[in-house]
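Structure below is target_28.pdb: PDB, C-alpha atoms and all ligand atoms.
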```pdb
ATOM      1  CA  MET R  13     -46.165  -9.258 -41.709  1.00  0.00           C
ATOM      2  CA  ILE R  14     -43.138 -10.227 -39.669  1.00  0.00           C
ATOM      3  CA  ILE R  15     -42.227  -8.410 -36.503  1.00  0.00           C
ATOM      4  CA  THR R  16     -38.746  -9.058 -35.232  1.00  0.00           C
ATOM      5  CA  LYS R  17     -38.262  -8.168 -31.629  1.00  0.00           C
ATOM      6  CA  VAL R  18     -35.059  -8.591 -29.698  1.00  0.00           C
ATOM      7  CA  LYS R  19     -35.962 -10.525 -26.615  1.00  0.00           C
ATOM      8  CA  ASN R  20     -35.072  -9.070 -23.232  1.00  0.00           C
ATOM      9  CA  VAL R  21     -33.280  -6.116 -24.769  1.00  0.00           C
ATOM     10  CA  ASP R  22     -33.756  -4.164 -21.569  1.00  0.00           C
ATOM     11  CA  THR R  23     -31.919  -6.724 -19.498  1.00  0.00           C
ATOM     12  CA  GLU R  24     -28.765  -6.712 -21.610  1.00  0.00           C
ATOM     13  CA  TYR R  25     -25.953  -4.455 -20.572  1.00  0.00           C
ATOM     14  CA  SER R  26     -22.745  -3.618 -22.314  1.00  0.00           C
ATOM     15  CA  CYS R  27     -19.604  -2.084 -20.903  1.00  0.00           C
ATOM     16  CA  LYS R  28     -18.824   1.314 -22.385  1.00  0.00           C
ATOM     17  CA  TRP R  29     -15.357   1.493 -20.898  1.00  0.00           C
ATOM     18  CA  ILE R  30     -12.884   2.540 -23.555  1.00  0.00           C
ATOM     19  CA  SER R  31     -11.713  -0.421 -25.664  1.00  0.00           C
ATOM     20  CA  CYS R  32     -13.871  -2.840 -23.651  1.00  0.00           C
ATOM     21  CA  LYS R  33     -16.783  -4.642 -25.274  1.00  0.00           C
ATOM     22  CA  GLU R  34     -18.007  -6.927 -22.521  1.00  0.00           C
ATOM     23  CA  ASN R  35     -21.679  -7.779 -22.445  1.00  0.00           C
ATOM     24  CA  PHE R  36     -23.682  -8.764 -19.410  1.00  0.00           C
ATOM     25  CA  HIS R  37     -27.023 -10.195 -18.563  1.00  0.00           C
ATOM     26  CA  SER R  38     -27.337  -8.706 -15.122  1.00  0.00           C
ATOM     27  CA  THR R  39     -26.345  -5.447 -13.505  1.00  0.00           C
ATOM     28  CA  GLY R  40     -24.673  -7.374 -10.694  1.00  0.00           C
ATOM     29  CA  GLN R  41     -22.132  -8.795 -13.117  1.00  0.00           C
ATOM     30  CA  GLN R  42     -21.497  -5.393 -14.582  1.00  0.00           C
ATOM     31  CA  ASP R  43     -21.063  -3.764 -11.182  1.00  0.00           C
ATOM     32  CA  ALA R  44     -18.213  -6.132 -10.390  1.00  0.00           C
ATOM     33  CA  HIS R  45     -16.758  -5.699 -13.856  1.00  0.00           C
ATOM     34  CA  ILE R  46     -16.647  -1.915 -13.873  1.00  0.00           C
ATOM     35  CA  ILE R  47     -15.114  -1.877 -10.413  1.00  0.00           C
ATOM     36  CA  SER R  48     -12.314  -4.040 -11.747  1.00  0.00           C
ATOM     37  CA  HIS R  49     -11.663  -1.352 -14.394  1.00  0.00           C
ATOM     38  CA  VAL R  50     -11.578   1.345 -11.736  1.00  0.00           C
ATOM     39  CA  VAL R  51      -9.140  -0.648  -9.608  1.00  0.00           C
ATOM     40  CA  GLN R  52      -6.741  -1.075 -12.513  1.00  0.00           C
ATOM     41  CA  GLU R  53      -6.892   2.356 -14.108  1.00  0.00           C
ATOM     42  CA  LYS R  54      -7.646   4.659 -11.162  1.00  0.00           C
ATOM     43  CA  CYS R  55      -9.645   6.943 -13.426  1.00  0.00           C
ATOM     44  CA  CYS R  56     -12.919   6.764 -15.321  1.00  0.00           C
ATOM     45  CA  ARG R  57     -12.845   5.829 -19.003  1.00  0.00           C
ATOM     46  CA  TRP R  58     -16.559   5.262 -19.421  1.00  0.00           C
ATOM     47  CA  GLY R  59     -17.513   6.491 -22.877  1.00  0.00           C
ATOM     48  CA  ASP R  60     -15.881   9.893 -23.253  1.00  0.00           C
ATOM     49  CA  CYS R  61     -15.566  10.426 -19.510  1.00  0.00           C
ATOM     50  CA  THR R  62     -12.060  11.015 -18.149  1.00  0.00           C
ATOM     51  CA  LYS R  63     -12.810  11.702 -14.506  1.00  0.00           C
ATOM     52  CA  VAL R  64     -10.027  11.244 -11.968  1.00  0.00           C
ATOM     53  CA  LEU R  65     -11.143  10.827  -8.357  1.00  0.00           C
ATOM     54  CA  SER R  66     -10.091   9.083  -5.197  1.00  0.00           C
ATOM     55  CA  PHE R  67     -10.873   5.390  -5.323  1.00  0.00           C
ATOM     56  CA  ASN R  68     -14.032   5.412  -3.195  1.00  0.00           C
ATOM     57  CA  SER R  69     -15.493   8.340  -5.098  1.00  0.00           C
ATOM     58  CA  LEU R  70     -14.486   6.828  -8.401  1.00  0.00           C
ATOM     59  CA  GLU R  71     -16.182   3.558  -7.574  1.00  0.00           C
ATOM     60  CA  ILE R  72     -19.461   5.363  -6.919  1.00  0.00           C
ATOM     61  CA  HIS R  73     -18.924   7.596  -9.930  1.00  0.00           C
ATOM     62  CA  ALA R  74     -18.357   4.655 -12.291  1.00  0.00           C
ATOM     63  CA  LEU R  75     -21.396   2.810 -10.982  1.00  0.00           C
ATOM     64  CA  LYS R  76     -23.480   5.904 -11.592  1.00  0.00           C
ATOM     65  CA  HIS R  77     -22.778   5.570 -15.296  1.00  0.00           C
ATOM     66  CA  LEU R  78     -24.637   2.260 -15.123  1.00  0.00           C
ATOM     67  CA  TYR R  79     -27.607   3.784 -13.391  1.00  0.00           C
ATOM     68  CA  ASP R  80     -27.946   7.119 -15.120  1.00  0.00           C
ATOM     69  CA  ASN R  81     -31.705   7.063 -14.799  1.00  0.00           C
ATOM     70  CA  GLN R  82     -31.780   6.190 -11.143  1.00  0.00           C
ATOM     71  CA  ASN R  83     -30.895   8.116  -8.048  1.00  0.00           C
ATOM     72  CA  ILE R  84     -29.740   5.262  -5.884  1.00  0.00           C
ATOM     73  CA  PHE R  85     -26.294   6.774  -5.345  1.00  0.00           C
ATOM     74  CA  ARG R  86     -27.463  10.309  -4.804  1.00  0.00           C
ATOM     75  CA  THR R  87     -26.840  10.310  -1.084  1.00  0.00           C
ATOM     76  CA  PHE R  88     -23.162   9.501  -1.657  1.00  0.00           C
ATOM     77  CA  GLU R  89     -22.621  12.570  -3.760  1.00  0.00           C
ATOM     78  CA  ASP R  90     -24.208  15.221  -1.568  1.00  0.00           C
TER      79      ASP R  90
HETATM   80 ZN    ZN R 101     -15.463  -3.396 -19.344  1.00  0.00          ZN
HETATM   81 ZN    ZN R 102     -17.104   8.700 -15.536  1.00  0.00          ZN
END
```

Can you turn what I pasted into structure tokens?
Ligand SMILES: [Zn+2]
Ligand SMILES: [Zn+2]
Amino acid sequence: MIITKVKNVDTEYSCKWISCKENFHSTGQQDAHIISHVVQEKCCRWGDCTKVLSFNSLEIHALKHLYDNQNIFRTFED
């Protein structure tokens, strides 16, 4: 019996920005990466999201896509 397990699957991240296929090994790298998308496009293209916000809000918004299961940015949105 052979069990194949992908090592560290939970620590791999991939960018879901439209037409971008970057992969990362830490959230810190991805944070910087997605912010560079936001700076260039001034709207969110994460997955099927098309949100248009002011830059500061968009930065927080885009990062929230990375941390869907966490509430670390909740205070910014209230
Ligand atoms: Zn990307
Ligand atoms: Zn979005």

remark   = For Lys28 (chain R), the closest of R:Asp60, R:Glu53, R:Asp80, R:Asp43 counting only C-alpha atoms is R:Asp60

key: Residue with smallest distance to His49 (chain R) - pool R:Phe36, R:Ser26, R:Ala74, R:Ser66, counting all atoms listed in the file   =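 Ranking R:Phe36, R:Ser26, R:Ala74, R:Ser66 by distance to His49 (chain R), first place goes to R:Ala74.
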
key: the PyMOL selection byres (((not hetatm)) within 7 of (chain R and resi 102)) resolved against shown file, as number ranges by chain   = R: 56-58, 61-63, 73-74, 77

Those same residues, written as a PDB file, in the frame of the given file with C-alpha atoms?
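Dumped to result-v1.pdb:
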```pdb
ATOM      1  CA  CYS R  56     -12.919   6.764 -15.321  1.00  0.00           C
ATOM      2  CA  ARG R  57     -12.845   5.829 -19.003  1.00  0.00           C
ATOM      3  CA  TRP R  58     -16.559   5.262 -19.421  1.00  0.00           C
ATOM      4  CA  CYS R  61     -15.566  10.426 -19.510  1.00  0.00           C
ATOM      5  CA  THR R  62     -12.060  11.015 -18.149  1.00  0.00           C
ATOM      6  CA  LYS R  63     -12.810  11.702 -14.506  1.00  0.00           C
ATOM      7  CA  HIS R  73     -18.924   7.596  -9.930  1.00  0.00           C
ATOM      8  CA  ALA R  74     -18.357   4.655 -12.291  1.00  0.00           C
ATOM      9  CA  HIS R  77     -22.778   5.570 -15.296  1.00  0.00           C
TER      10      HIS R  77
END
```

key: Reference answer for the PyMOL selection byres (((not hetatm)) within 9 of (chain R and resi 101)), as a ChimeraX atom specification   = /R:26-35,42,45-46,48-49,58

As AutoDock Vina command-line options, please: the centre and edge lengths in Å, to one decimal, of an axis-aligned box enclosing every listed atom of region 31-39 of chain R with 5 Å added on each side.
```
--center_x -19.5 --center_y -5.3 --center_z -19.6 --size_x 25.6 --size_y 19.8 --size_z 22.2
```

request  = Give as a ChimeraX atom specification the residues that the PyMOL selection byres (((chain R and resi 37) around 8) and not hetatm) matches when applied to the coordinates above.
outcome  = /R:23-25,35-36,38-39,41

task = Place a sphere of radius 10 Å on (-10.2, -1.7, -6.2) in the file coordinates and name every protein, DNA or RNA residue with an atom inside or on its surface, counting only C-alpha atoms; give the answer as a ChimeraX atom specification.
result = /R:47-54,67-68,70-71
